Structure formats: C-alpha cells, structure tokens
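These notes are about the structure you will find just below.
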Number of protein chains: 2
Amino acid sequence: MILTVTLNPALDLTYRVGRLLPHRTHRVSSVDERPGGKGLNVARILHAAGEPVRATGVLGGDTGARVARLLDRDRIETAFTPIADETRRTVTITDCDATGFWEPGPTVTPAEWGAFRARYLRLLGSVSVVVLSGSLPRGLPVDAYARLIADATAAGVRTVLDTSGDALRAGVAAGPDLVKPNTEELVALVHGAPDATPPRAAADEGAVARLAALADAARALGAGAVVASAGPDGLVAVTAEGSWHARPPEVVTGNPTGAGDAFAATHARGLRDRTPWPTVLADAVALSVPAVAVAVAGAVDPSVAARLRPSVSVTPVLEEHPAC
Amino acid sequence: MILTVTLNPALDLTYRVGRLLPHRTHRVSSVDERPGGKGLNVARILHAAGEPVRATGVLGGDTGARVARLLDRDRIETAFTPIADETRRTVTITDCDATGFWEPGPTVTPAEWGAFRARYLRLLGSVSVVVLSGSLPRGLPVDAYARLIADATAAGVRTVLDTSGDALRAGVAAGPDLVKPNTEELVALVHGAPDATPPRAAADEGAVARLAALADAARALGAGAVVASAGPDGLVAVTAEGSWHARPPEVVTGNPTGAGDAFAATHARGLRDRTPWPTVLADAVALSVPAVAVAVAGAVDPSVAARLRPSVSVTPVLEEHPAC
C-alpha cells in the first residue's frame, strides 16, 4: 500500500471559453471539476494503474466535502483529517492556453496539525511508501514534511518528497528516500535562489552533466536519491547506485504538473517494489508522455505509457564534471 | 411578505488579483463567496432593509448546498426545491475592472419544475408581491415566468419581472405588474432585436422622451408598468398613473447589476405598500447609488440611500412624441 499526503488539497475547476478577454464576461462552455493538489493526482494515477493507494491530508468546509465526494466517486480510498477552514479552489481558464487562479487556501491550526499527525502515525503501520506532495497550507511549520519523513523513517516506511522552496529545503534535511525537483526547484535548493542560467536544455551531454552535478549537490543535503525532471528531455537521476539520464523517444510538451505527478507515482511504486533504477526511470518517462498530453493533471492513460515504454532510452551519466 | 423567485441561482465567487494576465497563473489575494443570481440579491437587499422576505427557486448538488448555507448564515428565509443537477458558479476576477466567467448551470427536469411550481403555489398564499428575476435554466419552458405570473395574479399577488430576451417577451404577455428592463433589454423587447442606436444618454430631454416612448410600447405588450433604467441617469417610468424621469443628484458609475437589483427590491416594496410612483422612483434611485458603488451585487448600505434620498429629482415626462 502507498500513502499519499496532501496537506493543501484543492477543488480544481477547469473552464473552457472561446477566448479569454480581460474585463469582459464569458459564458463557460464546459466545466471540469476534480480533486486537486499534487498528492491527489498521484493517488489517482496509482489507482488508475491498479496499485493499492490511500490518500490522506486535511479537508475543510463545503469545498473539502466536495473534494471528498469526488474522491469517493473515483473510488479512491481516503483517510483525511477535518479542518475548520475551507479547502481552497483553483480555477483554470482554457482557451488556446491556460490561465490559472489559485485561492489562498485555509489556515491549519496547531490542534488540527496534531490530529493529522496522530492519524498519519497510525496509517504508517499499513503502508510501505509515503508520497508527500505539494505546498504547505498556512499555519503549518516549515519543517512539517521533515517531521512526517522522520516519522515514516522511524516506522520503516520509504518516502518520496515533491515540494519546493523552504518546505523542500527543510524536508531534504530529514533524509527522504527520493526527491524529484524540476530544474528551477533544484537550482533554488542548491544555490538558495533561482540561478540566472539554469541548465535548461538537457539534450546535450554537457547540460545533462550539469544537471547531474546539481542533483549530486542536492543529494549531499540529505536525500537518498535525486531525480531531476529536465522538462521535455526526461529525467536525470543521481542515486547511491549510480546516475542516469532517461529520455522519451520524442519531445512532448504540454502539462508539466501532470508529468511531475506521473513521475512521483512511478517512483513510489519503484521504491515499494525495489525496482532497479534504470527500469523505474524508463517507466516514469513513458508515463509522463500521456500525462503531459492531457490538459488536466492526474488523468493518464496507462496503455499509452505501455506502448511507448520500449522506446525510452536510459543511459548512465558519466561521473566527470561538466566541461564548462 | 415579499417572495423572490430565483430559478437559476449561483454561487458567486469574486477573486481579487493584482492584474489579470492571460496565460499566466495568479495567486488570488482575497476570495469573496456569496449567494448569487438576481433574485437572491433582491432578497438580501430587502432583508438588509428589514423587510420580511422569503427566497424560493431551485438548488442542486454541493454548490447548491453551499448557497443554502450562505443564505442561512445571512438569516435569509428560504424555501428552495432541490434538483439533481449542480447549481452553477460564477467567477469574477477583479483587478482594475471585472472579468467574469459564468458556468452553464444545471438542467431542470419537468418533474423538478412541477415540484417547484407546486411549492410556489403554496408559498403564494402568504405573500403580497413576487419578484421573478434572472435567466431561466436549461430545461424550463420559455414561458416559465409567464406561468408563474399567471399563478400569482390568480392568487391576488402582484408581480415584478426582471429578466431579458425570450423569457421577458413571454413573461410580459402574462401581464406582470412591473417590468424593469435596461435600455438594451427594452429595445430588444420592443423591436425584437438590439437596435443599432439605443437612446443611451437620458440626460437630454429628447433621449428621455425616446426612452419613455419605448417603455410605452413595451407596456402595450402587457406589463402594468415599465420602469426602464437609463444607466447612470436614473429611471424612466411609464405607468397607468403617469410617466416620470427620476435622476440621481450626480452621475454614479460602477456595478449595474447591483443597481438593477436595488431597483427591483424597492419596486417590490412599493407595490406591496401601494406607494405613489414618484416616491418609489426616488427611493429606487437613491438606493441605486450605494448599490453601484460596491463591487459585489447585493451589498447595499441603506443609510447611504437615506442620506441621498432628498437630492433625487423626479419630473413628469411630457406625453408628446420625441422631436426626431
């Protein structure tokens, strides 16, 4: 069983309009409404792949009740702690591209955080991997993920951390088994702030080596393995067993959130099964192709991934330093 | 007791952002969430003024439950009929101006419409005025308002109709005591389609006379009285007792939906109390000033209206035809 933790879930609304015109009124032609927040996307992807998964976190108010009802409808097993504040909504307007509006979300009280953590400790007894995803709501300590990682490690449960900024920095120090930053998050983690020239194009080996060097530096901060997403060019992984670059057969652009959640789901399964790194990296890249192709995060067709899987290349990254 | 009918209510969400930039993601700095739909705004305005009011209509799903809870919180007396489909949301993004997104809303089944109408007939027994406001949801006959007006008239209950397009045309034929179109709605009602040159500026007497002529033509279609809003220039009323132009002491621009709902609330009270037309017209214009000044429809400070009330001018409109 894999446990996903979503401390700042959302009700994700996607509105289709002909064209977004500021300071006009638009009739929405279609409404998509689904549970949001990275952890719930990971839970949905795992559930769609037939993997036993349980979603935990905090939910509040009528919006939280709506999220719970939608998860029930999708038959996702849940164990959420109630909070007094309203769970947030996100509204995405799609015309030729996406325009997003994120509500600030609830404040979690110390008592609610305590209630969540007590329940989390009980849930750890029946799982082998925990995926901790997304931003922290107001009210939680910046080391909230660090504490949950320490709890999991003490219980013999492996951990995947997918967050950013201070929550990532504090979490890495607690020694998660895997972190999966994108290039910008990785640069911010290692250098303390976004670098002016992140190694964006991983297509040349110099860029891959530079990304691997950054991941190596991030690993030195405490993570067991660092899998850095190189956007459309796949993944660069630095682990205790070696370093690899996994790349899709073709460059696919689209929804990067969807791809990141697909990566996290695949790595959680890989940690659970102790799958060799080259295999799990190829699986993750294959699953990212259908994930980025859909507009809505968390909706993935596993059959597309299975078809693409043989064409993914995984090559070791040489240990030498970049030429520049 | 005044009864407001809202057949297509909404959960109105207003998000404040620094500046709306298409195809970017925005963190919303504040969220306002309130019951929406013109009829619910009218109910809130009457309730805030201390007038006995009950809100009826149809509500469905989690969004409908949220609307009901917000009405309860505002202590509005309600008598809604449940429907299976989800009540709609509207999302308004405000930066220097407002950008709106309206969900398409639910479809009401014939059985649900029948259940609403049976309940409405019972509610008519305890009210003296009904205000029927807003658009019709999918599934209802275009003459839905006409039937409700006929029911009210048969029960000796006076009626205010505030809608547009085909629903207004069909409704007027049933003889409501008052309709309150804006200039565009009035032109569409009389001429069948928006006129290329509606009499926009009522500040000159020629324009007021042209608006009065249009209102007179609309009255001939069946309405007992036609009160046409001339935007920032106030109201032009054509009634069996005479025709008047009521104008505010200064031109106020802002939220026209708020002003329209304030007009409807004031006219409902005027019909209930059989207030002379010049008095009720001055009341309506005075209440519109604080209504347009606030960004959110339905939020009105009655004390501002009371202060402005003596400065509103109400002058008879001469019965002659416009000079052009």
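FYI, nothing fancy with the structure tokens labels: chains A, B, ... in order, residues from 1 per chain, ligands from 1 as they appear.
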
If the cut-off is 8 Å, can you tell me the residues of chain B near chain A, counting only C-alpha atoms? I'd like them as a list of chain:residue names.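 Residues of chain B within 8 Å of chain A, counting only C-alpha atoms: B:Tyr15, B:Leu20, B:Leu21, B:Pro22, B:His23, B:Arg24, B:Thr25, B:His26, B:Arg27, B:Val28, B:Ser29, B:Ser30, B:Val31, B:Asp62, B:Arg66, B:Asp97, B:Ala98, B:Thr99, B:Gly100, B:Phe101, B:Trp102, B:Glu103, B:Pro104.
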
Superimpose chain B on chain A so that the squared distances between all in-order C-alpha pairs are minimised, and send the result as an mmCIF file with C-alpha atoms, in the first residue's frame.
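The resulting part-v3.cif:
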```cif
data_model
loop_
_atom_site.group_PDB
_atom_site.id
_atom_site.type_symbol
_atom_site.label_atom_id
_atom_site.label_comp_id
_atom_site.auth_asym_id
_atom_site.auth_seq_id
_atom_site.Cartn_x
_atom_site.Cartn_y
_atom_site.Cartn_z
ATOM 1 C CA MET B 1 -0.002 0.005 0.022
ATOM 2 C CA ILE B 2 1.196 3.497 -0.890
ATOM 3 C CA LEU B 3 0.061 6.488 1.166
ATOM 4 C CA THR B 4 -0.178 9.928 -0.455
ATOM 5 C CA VAL B 5 -0.113 13.005 1.792
ATOM 6 C CA THR B 6 -1.842 16.159 0.521
ATOM 7 C CA LEU B 7 -1.751 18.894 3.137
ATOM 8 C CA ASN B 8 -3.057 21.578 0.767
ATOM 9 C CA PRO B 9 -5.566 19.779 -1.488
ATOM 10 C CA ALA B 10 -7.853 21.722 -3.804
ATOM 11 C CA LEU B 11 -10.999 21.554 -5.821
ATOM 12 C CA ASP B 12 -9.629 22.070 -9.336
ATOM 13 C CA LEU B 13 -12.072 23.746 -11.713
ATOM 14 C CA THR B 14 -11.211 23.951 -15.396
ATOM 15 C CA TYR B 15 -13.347 26.245 -17.544
ATOM 16 C CA ARG B 16 -13.212 26.179 -21.323
ATOM 17 C CA VAL B 17 -13.902 29.501 -23.078
ATOM 18 C CA GLY B 18 -13.550 30.602 -26.694
ATOM 19 C CA ARG B 19 -10.969 33.234 -25.879
ATOM 20 C CA LEU B 20 -10.099 34.896 -22.586
ATOM 21 C CA LEU B 21 -10.693 38.643 -22.946
ATOM 22 C CA PRO B 22 -9.777 40.669 -19.844
ATOM 23 C CA HIS B 23 -12.597 42.854 -18.501
ATOM 24 C CA ARG B 24 -15.318 41.005 -20.387
ATOM 25 C CA THR B 25 -17.854 38.403 -19.284
ATOM 26 C CA HIS B 26 -17.443 34.868 -20.654
ATOM 27 C CA ARG B 27 -19.935 32.060 -20.910
ATOM 28 C CA VAL B 28 -18.081 28.892 -19.965
ATOM 29 C CA SER B 29 -18.716 26.153 -22.517
ATOM 30 C CA SER B 30 -17.594 23.245 -20.320
ATOM 31 C CA VAL B 31 -16.693 22.729 -16.676
ATOM 32 C CA ASP B 32 -14.295 20.068 -15.427
ATOM 33 C CA GLU B 33 -14.258 19.598 -11.663
ATOM 34 C CA ARG B 34 -11.844 17.261 -9.900
ATOM 35 C CA PRO B 35 -9.853 16.739 -6.743
ATOM 36 C CA GLY B 36 -6.607 18.710 -6.987
ATOM 37 C CA GLY B 37 -3.281 19.048 -5.311
ATOM 38 C CA LYS B 38 -0.267 16.992 -6.390
ATOM 39 C CA GLY B 39 -0.812 14.248 -3.808
ATOM 40 C CA LEU B 40 -4.358 13.579 -5.026
ATOM 41 C CA ASN B 41 -3.147 13.462 -8.621
ATOM 42 C CA VAL B 42 -0.549 10.872 -7.564
ATOM 43 C CA ALA B 43 -3.255 8.861 -5.805
ATOM 44 C CA ARG B 44 -5.477 8.945 -8.890
ATOM 45 C CA ILE B 45 -2.642 7.871 -11.177
ATOM 46 C CA LEU B 46 -1.739 4.943 -8.887
ATOM 47 C CA HIS B 47 -5.382 3.939 -8.528
ATOM 48 C CA ALA B 48 -5.855 4.033 -12.315
ATOM 49 C CA ALA B 49 -2.821 1.736 -12.613
ATOM 50 C CA GLY B 50 -4.433 -0.734 -10.205
ATOM 51 C CA GLU B 51 -2.002 -0.024 -7.351
ATOM 52 C CA PRO B 52 -3.339 -0.092 -3.759
ATOM 53 C CA VAL B 53 -3.228 3.511 -2.553
ATOM 54 C CA ARG B 54 -4.723 5.574 0.241
ATOM 55 C CA ALA B 55 -4.946 9.376 0.253
ATOM 56 C CA THR B 56 -4.548 11.331 3.463
ATOM 57 C CA GLY B 57 -4.223 15.024 4.350
ATOM 58 C CA VAL B 58 -6.640 17.677 5.569
ATOM 59 C CA LEU B 59 -9.986 18.795 4.135
ATOM 60 C CA GLY B 60 -12.355 21.510 5.336
ATOM 61 C CA GLY B 61 -15.744 23.096 4.702
ATOM 62 C CA ASP B 62 -18.117 22.634 1.792
ATOM 63 C CA THR B 63 -15.262 22.665 -0.731
ATOM 64 C CA GLY B 64 -13.476 19.960 1.244
ATOM 65 C CA ALA B 65 -16.698 17.927 1.333
ATOM 66 C CA ARG B 66 -16.930 18.283 -2.436
ATOM 67 C CA VAL B 67 -13.349 17.024 -2.864
ATOM 68 C CA ALA B 68 -14.128 14.038 -0.618
ATOM 69 C CA ARG B 69 -17.252 13.238 -2.630
ATOM 70 C CA LEU B 70 -15.327 13.366 -5.924
ATOM 71 C CA LEU B 71 -12.641 11.053 -4.487
ATOM 72 C CA ASP B 72 -15.373 8.654 -3.363
ATOM 73 C CA ARG B 73 -16.848 8.755 -6.854
ATOM 74 C CA ASP B 74 -13.417 7.831 -8.250
ATOM 75 C CA ARG B 75 -13.245 5.014 -5.623
ATOM 76 C CA ILE B 76 -10.045 6.410 -4.098
ATOM 77 C CA GLU B 77 -9.557 5.156 -0.545
ATOM 78 C CA THR B 78 -9.221 8.177 1.759
ATOM 79 C CA ALA B 79 -8.324 8.982 5.362
ATOM 80 C CA PHE B 80 -8.496 12.775 5.695
ATOM 81 C CA THR B 81 -8.462 14.822 8.883
ATOM 82 C CA PRO B 82 -11.155 17.521 9.019
ATOM 83 C CA ILE B 83 -10.193 21.179 9.485
ATOM 84 C CA ALA B 84 -12.386 24.195 10.234
ATOM 85 C CA ASP B 85 -11.227 26.394 7.338
ATOM 86 C CA GLU B 86 -12.402 25.903 3.756
ATOM 87 C CA THR B 87 -10.265 23.828 1.396
ATOM 88 C CA ARG B 88 -9.082 25.999 -1.494
ATOM 89 C CA ARG B 89 -10.211 26.035 -5.096
ATOM 90 C CA THR B 90 -8.141 26.583 -8.201
ATOM 91 C CA VAL B 91 -9.762 27.909 -11.364
ATOM 92 C CA THR B 92 -8.059 27.351 -14.716
ATOM 93 C CA ILE B 93 -9.416 29.077 -17.801
ATOM 94 C CA THR B 94 -8.423 27.322 -21.015
ATOM 95 C CA ASP B 95 -8.615 28.867 -24.464
ATOM 96 C CA CYS B 96 -5.508 28.248 -26.603
ATOM 97 C CA ASP B 97 -3.528 28.065 -23.326
ATOM 98 C CA ALA B 98 -4.190 27.977 -19.575
ATOM 99 C CA THR B 99 -4.732 30.918 -17.218
ATOM 100 C CA GLY B 100 -4.776 29.948 -13.554
ATOM 101 C CA PHE B 101 -6.238 31.455 -10.389
ATOM 102 C CA TRP B 102 -5.262 29.908 -7.071
ATOM 103 C CA GLU B 103 -7.197 30.676 -3.920
ATOM 104 C CA PRO B 104 -4.963 31.325 -0.915
ATOM 105 C CA GLY B 105 -6.355 28.288 0.917
ATOM 106 C CA PRO B 106 -7.023 27.519 4.559
ATOM 107 C CA THR B 107 -5.007 28.022 7.718
ATOM 108 C CA VAL B 108 -4.411 24.801 9.646
ATOM 109 C CA THR B 109 -4.432 25.198 13.432
ATOM 110 C CA PRO B 110 -1.853 23.510 15.694
ATOM 111 C CA ALA B 111 -4.605 21.241 17.072
ATOM 112 C CA GLU B 112 -5.607 20.172 13.555
ATOM 113 C CA TRP B 113 -1.987 19.526 12.630
ATOM 114 C CA GLY B 114 -1.649 17.404 15.783
ATOM 115 C CA ALA B 115 -4.799 15.453 14.902
ATOM 116 C CA PHE B 116 -3.516 14.863 11.360
ATOM 117 C CA ARG B 117 -0.140 13.700 12.600
ATOM 118 C CA ALA B 118 -1.639 11.253 15.097
ATOM 119 C CA ARG B 119 -3.741 9.736 12.348
ATOM 120 C CA TYR B 120 -0.743 9.685 9.976
ATOM 121 C CA LEU B 121 1.272 7.730 12.533
ATOM 122 C CA ARG B 122 -1.463 5.098 12.664
ATOM 123 C CA LEU B 123 -1.691 4.988 8.847
ATOM 124 C CA LEU B 124 2.069 4.367 8.601
ATOM 125 C CA GLY B 125 1.486 0.954 10.154
ATOM 126 C CA SER B 126 -0.108 -0.395 6.984
ATOM 127 C CA VAL B 127 1.949 1.170 4.181
ATOM 128 C CA SER B 128 5.393 0.684 2.667
ATOM 129 C CA VAL B 129 5.848 4.034 0.873
ATOM 130 C CA VAL B 130 4.625 7.571 1.598
ATOM 131 C CA VAL B 131 4.462 10.264 -1.092
ATOM 132 C CA LEU B 132 4.448 13.790 0.368
ATOM 133 C CA SER B 133 3.424 16.302 -2.278
ATOM 134 C CA GLY B 134 2.714 19.950 -2.825
ATOM 135 C CA SER B 135 2.749 23.185 -0.906
ATOM 136 C CA LEU B 136 2.146 23.550 2.826
ATOM 137 C CA PRO B 137 -0.986 25.437 3.905
ATOM 138 C CA ARG B 138 -0.706 28.435 6.216
ATOM 139 C CA GLY B 139 -0.315 27.553 9.865
ATOM 140 C CA LEU B 140 1.977 24.556 9.403
ATOM 141 C CA PRO B 141 5.646 24.700 10.434
ATOM 142 C CA VAL B 142 8.096 24.938 7.536
ATOM 143 C CA ASP B 143 9.572 21.602 8.641
ATOM 144 C CA ALA B 144 6.187 19.840 8.525
ATOM 145 C CA TYR B 145 7.410 17.481 5.804
ATOM 146 C CA ALA B 146 10.661 16.895 7.678
ATOM 147 C CA ARG B 147 8.678 15.694 10.714
ATOM 148 C CA LEU B 148 6.488 13.423 8.581
ATOM 149 C CA ILE B 149 9.585 11.990 6.875
ATOM 150 C CA ALA B 150 11.194 11.329 10.259
ATOM 151 C CA ASP B 151 7.995 9.607 11.434
ATOM 152 C CA ALA B 152 7.962 7.426 8.301
ATOM 153 C CA THR B 153 11.635 6.534 8.514
ATOM 154 C CA ALA B 154 11.192 5.551 12.170
ATOM 155 C CA ALA B 155 8.329 3.278 11.088
ATOM 156 C CA GLY B 156 10.413 1.687 8.310
ATOM 157 C CA VAL B 157 8.377 3.376 5.567
ATOM 158 C CA ARG B 158 10.145 4.804 2.508
ATOM 159 C CA THR B 159 9.438 8.377 1.428
ATOM 160 C CA VAL B 160 9.080 10.448 -1.757
ATOM 161 C CA LEU B 161 9.070 14.230 -1.282
ATOM 162 C CA ASP B 162 7.730 16.500 -4.037
ATOM 163 C CA THR B 163 7.603 20.106 -2.924
ATOM 164 C CA SER B 164 9.573 23.312 -3.412
ATOM 165 C CA GLY B 165 11.183 26.271 -1.670
ATOM 166 C CA ASP B 166 11.672 26.264 2.100
ATOM 167 C CA ALA B 167 9.490 23.168 2.575
ATOM 168 C CA LEU B 168 11.781 21.249 0.192
ATOM 169 C CA ARG B 169 14.950 22.539 1.854
ATOM 170 C CA ALA B 170 13.708 21.602 5.342
ATOM 171 C CA GLY B 171 12.348 18.270 4.094
ATOM 172 C CA VAL B 172 15.552 17.190 2.341
ATOM 173 C CA ALA B 173 17.447 17.548 5.611
ATOM 174 C CA ALA B 174 15.245 14.806 7.114
ATOM 175 C CA GLY B 175 16.571 12.301 4.563
ATOM 176 C CA PRO B 176 13.695 11.335 2.259
ATOM 177 C CA ASP B 177 14.451 8.351 0.059
ATOM 178 C CA LEU B 178 13.711 10.370 -3.060
ATOM 179 C CA VAL B 179 13.115 13.982 -4.056
ATOM 180 C CA LYS B 180 12.048 14.923 -7.579
ATOM 181 C CA PRO B 181 12.604 18.646 -8.178
ATOM 182 C CA ASN B 182 12.296 20.289 -11.553
ATOM 183 C CA THR B 183 15.300 22.271 -12.764
ATOM 184 C CA GLU B 184 14.201 25.553 -11.177
ATOM 185 C CA GLU B 185 13.437 23.882 -7.824
ATOM 186 C CA LEU B 186 16.773 22.074 -7.931
ATOM 187 C CA VAL B 187 18.730 25.274 -8.621
ATOM 188 C CA ALA B 188 16.858 27.042 -5.804
ATOM 189 C CA LEU B 189 17.585 24.133 -3.437
ATOM 190 C CA VAL B 190 21.317 24.022 -4.188
ATOM 191 C CA HIS B 191 22.043 27.709 -4.694
ATOM 192 C CA GLY B 192 19.446 29.114 -2.309
ATOM 193 C CA ALA B 193 17.711 31.137 -5.008
ATOM 194 C CA PRO B 194 16.789 30.737 -8.685
ATOM 195 C CA ASP B 195 19.959 30.780 -10.776
ATOM 196 C CA ALA B 196 20.125 33.192 -13.706
ATOM 197 C CA THR B 197 21.132 30.412 -16.105
ATOM 198 C CA PRO B 198 19.619 27.049 -15.139
ATOM 199 C CA PRO B 199 20.711 24.173 -17.399
ATOM 200 C CA ARG B 200 17.469 24.174 -19.317
ATOM 201 C CA ALA B 201 18.180 22.075 -22.398
ATOM 202 C CA ALA B 202 19.262 18.625 -21.300
ATOM 203 C CA ALA B 203 19.528 17.489 -24.925
ATOM 204 C CA ASP B 204 23.275 18.075 -25.014
ATOM 205 C CA GLU B 205 25.459 15.968 -22.752
ATOM 206 C CA GLY B 206 27.029 19.054 -21.135
ATOM 207 C CA ALA B 207 23.624 20.168 -19.907
ATOM 208 C CA VAL B 208 22.833 16.659 -18.610
ATOM 209 C CA ALA B 209 26.145 16.590 -16.748
ATOM 210 C CA ARG B 210 25.442 20.018 -15.218
ATOM 211 C CA LEU B 211 21.982 18.854 -14.098
ATOM 212 C CA ALA B 212 23.557 15.708 -12.641
ATOM 213 C CA ALA B 213 26.091 17.845 -10.773
ATOM 214 C CA LEU B 214 23.253 19.907 -9.311
ATOM 215 C CA ALA B 215 21.364 16.734 -8.348
ATOM 216 C CA ASP B 216 24.517 15.387 -6.732
ATOM 217 C CA ALA B 217 24.808 18.590 -4.688
ATOM 218 C CA ALA B 218 21.150 18.256 -3.658
ATOM 219 C CA ARG B 219 21.738 14.651 -2.641
ATOM 220 C CA ALA B 220 24.547 15.803 -0.363
ATOM 221 C CA LEU B 221 21.899 17.819 1.549
ATOM 222 C CA GLY B 222 20.271 14.595 2.741
ATOM 223 C CA ALA B 223 18.110 12.944 0.046
ATOM 224 C CA GLY B 224 18.732 9.273 -0.716
ATOM 225 C CA ALA B 225 18.177 9.880 -4.431
ATOM 226 C CA VAL B 226 17.488 12.955 -6.531
ATOM 227 C CA VAL B 227 15.498 12.565 -9.733
ATOM 228 C CA ALA B 228 15.516 15.891 -11.531
ATOM 229 C CA SER B 229 12.990 16.457 -14.284
ATOM 230 C CA ALA B 230 14.524 18.072 -17.331
ATOM 231 C CA GLY B 231 11.148 19.064 -18.742
ATOM 232 C CA PRO B 232 10.527 17.611 -22.210
ATOM 233 C CA ASP B 233 13.961 15.971 -22.182
ATOM 234 C CA GLY B 234 13.109 13.459 -19.488
ATOM 235 C CA LEU B 235 14.811 12.771 -16.169
ATOM 236 C CA VAL B 236 18.285 12.896 -14.681
ATOM 237 C CA ALA B 237 18.703 10.654 -11.625
ATOM 238 C CA VAL B 238 21.526 10.671 -9.095
ATOM 239 C CA THR B 239 21.323 7.765 -6.651
ATOM 240 C CA ALA B 240 23.555 5.656 -4.400
ATOM 241 C CA GLU B 241 23.577 3.017 -7.155
ATOM 242 C CA GLY B 242 24.579 5.327 -10.027
ATOM 243 C CA SER B 243 23.425 8.232 -12.203
ATOM 244 C CA TRP B 244 21.226 8.022 -15.316
ATOM 245 C CA HIS B 245 19.540 10.115 -17.970
ATOM 246 C CA ALA B 246 16.184 8.748 -19.138
ATOM 247 C CA ARG B 247 14.709 10.416 -22.184
ATOM 248 C CA PRO B 248 11.450 9.982 -24.135
ATOM 249 C CA PRO B 249 11.489 8.869 -27.793
ATOM 250 C CA GLU B 250 10.258 12.308 -28.825
ATOM 251 C CA VAL B 251 9.962 15.697 -27.181
ATOM 252 C CA VAL B 252 6.453 16.123 -25.793
ATOM 253 C CA THR B 253 5.248 19.460 -24.468
ATOM 254 C CA GLY B 254 2.089 20.138 -22.525
ATOM 255 C CA ASN B 255 1.088 19.994 -18.873
ATOM 256 C CA PRO B 256 4.253 19.753 -16.705
ATOM 257 C CA THR B 257 2.250 19.298 -13.476
ATOM 258 C CA GLY B 258 0.728 16.143 -14.887
ATOM 259 C CA ALA B 259 4.165 14.813 -15.819
ATOM 260 C CA GLY B 260 5.593 15.546 -12.359
ATOM 261 C CA ASP B 261 2.754 13.695 -10.647
ATOM 262 C CA ALA B 262 3.182 10.750 -13.011
ATOM 263 C CA PHE B 263 6.906 10.675 -12.128
ATOM 264 C CA ALA B 264 6.103 10.696 -8.397
ATOM 265 C CA ALA B 265 3.574 7.871 -8.763
ATOM 266 C CA THR B 266 6.001 5.715 -10.710
ATOM 267 C CA HIS B 267 8.860 6.309 -8.275
ATOM 268 C CA ALA B 268 6.625 5.454 -5.324
ATOM 269 C CA ARG B 269 5.801 2.121 -6.934
ATOM 270 C CA GLY B 270 9.485 1.631 -7.767
ATOM 271 C CA LEU B 271 10.523 2.229 -4.156
ATOM 272 C CA ARG B 272 7.824 -0.139 -2.917
ATOM 273 C CA ASP B 273 8.963 -2.917 -5.279
ATOM 274 C CA ARG B 274 12.690 -2.053 -5.029
ATOM 275 C CA THR B 275 12.726 -1.894 -8.820
ATOM 276 C CA PRO B 276 16.183 -1.244 -10.349
ATOM 277 C CA TRP B 277 16.669 2.450 -11.158
ATOM 278 C CA PRO B 278 16.977 2.151 -14.971
ATOM 279 C CA THR B 279 13.655 0.291 -15.066
ATOM 280 C CA VAL B 280 11.754 2.723 -12.878
ATOM 281 C CA LEU B 281 13.219 5.717 -14.713
ATOM 282 C CA ALA B 282 12.080 4.323 -18.064
ATOM 283 C CA ASP B 283 8.621 3.628 -16.570
ATOM 284 C CA ALA B 284 8.440 7.189 -15.255
ATOM 285 C CA VAL B 285 9.360 8.769 -18.571
ATOM 286 C CA ALA B 286 6.935 6.529 -20.479
ATOM 287 C CA LEU B 287 4.082 7.495 -18.146
ATOM 288 C CA SER B 288 4.936 11.178 -18.462
ATOM 289 C CA VAL B 289 4.109 11.230 -22.171
ATOM 290 C CA PRO B 290 0.349 10.620 -21.798
ATOM 291 C CA ALA B 291 0.422 12.746 -18.614
ATOM 292 C CA VAL B 292 1.702 15.887 -20.338
ATOM 293 C CA ALA B 293 -0.524 15.324 -23.358
ATOM 294 C CA VAL B 294 -3.733 15.826 -21.339
ATOM 295 C CA ALA B 295 -4.816 19.258 -20.200
ATOM 296 C CA VAL B 296 -5.905 18.113 -16.748
ATOM 297 C CA ALA B 297 -3.342 16.926 -14.194
ATOM 298 C CA GLY B 298 -3.872 13.415 -12.877
ATOM 299 C CA ALA B 299 -5.625 11.955 -15.929
ATOM 300 C CA VAL B 300 -3.325 9.384 -17.516
ATOM 301 C CA ASP B 301 -3.989 6.526 -19.912
ATOM 302 C CA PRO B 302 -1.653 3.667 -18.810
ATOM 303 C CA SER B 303 -1.977 1.897 -22.184
ATOM 304 C CA VAL B 304 -0.247 4.819 -23.929
ATOM 305 C CA ALA B 305 2.632 4.523 -21.460
ATOM 306 C CA ALA B 306 2.898 0.772 -22.072
ATOM 307 C CA ARG B 307 3.136 1.333 -25.825
ATOM 308 C CA LEU B 308 5.854 4.006 -25.501
ATOM 309 C CA ARG B 309 7.846 2.210 -22.812
ATOM 310 C CA PRO B 310 10.218 0.252 -25.149
ATOM 311 C CA SER B 311 11.310 3.456 -26.931
ATOM 312 C CA VAL B 312 12.541 5.242 -23.798
ATOM 313 C CA SER B 313 16.338 5.424 -23.620
ATOM 314 C CA VAL B 314 18.165 5.221 -20.269
ATOM 315 C CA THR B 315 21.888 5.970 -20.347
ATOM 316 C CA PRO B 316 24.400 6.307 -17.505
ATOM 317 C CA VAL B 317 25.602 9.815 -16.801
ATOM 318 C CA LEU B 318 29.424 9.974 -16.684
ATOM 319 C CA GLU B 319 30.785 10.995 -13.319
ATOM 320 C CA GLU B 320 33.105 13.678 -14.705
ATOM 321 C CA HIS B 321 32.461 17.341 -14.103
ATOM 322 C CA PRO B 322 30.928 19.467 -16.853
ATOM 323 C CA ALA B 323 33.323 20.912 -19.437
ATOM 324 C CA CYS B 324 32.471 24.534 -18.708
#
```

When DSSP is applied to the backbone of this structure, which of range 119-307 of chain B are assigned strand (DSSP E or B)? Write them out as a list of chain:residue names.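 Output for range 119-307 of chain B, strand (DSSP E or B) only: B:Val129, B:Val130, B:Val131, B:Leu132, B:Ser133, B:Arg138, B:Arg158, B:Thr159, B:Val160, B:Leu161, B:Asp162, B:Leu178, B:Val179, B:Asn182, B:Val226, B:Val227, B:Ala228, B:Ser229, B:Leu235, B:Val236, B:Ala237, B:Val238, B:Thr239, B:Gly242, B:Ser243, B:Trp244, B:His245, B:Ala246, B:Arg247.
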
According to DSSP computed on the backbone, where in range 114-290 of chain A is there helix (DSSP H, G or I)? Give the residues as a VMD selection string. chain A and resid 114 to 126 144 to 154 165 to 172 183 to 191 205 to 220 231 to 233 256 to 273 277 to 290
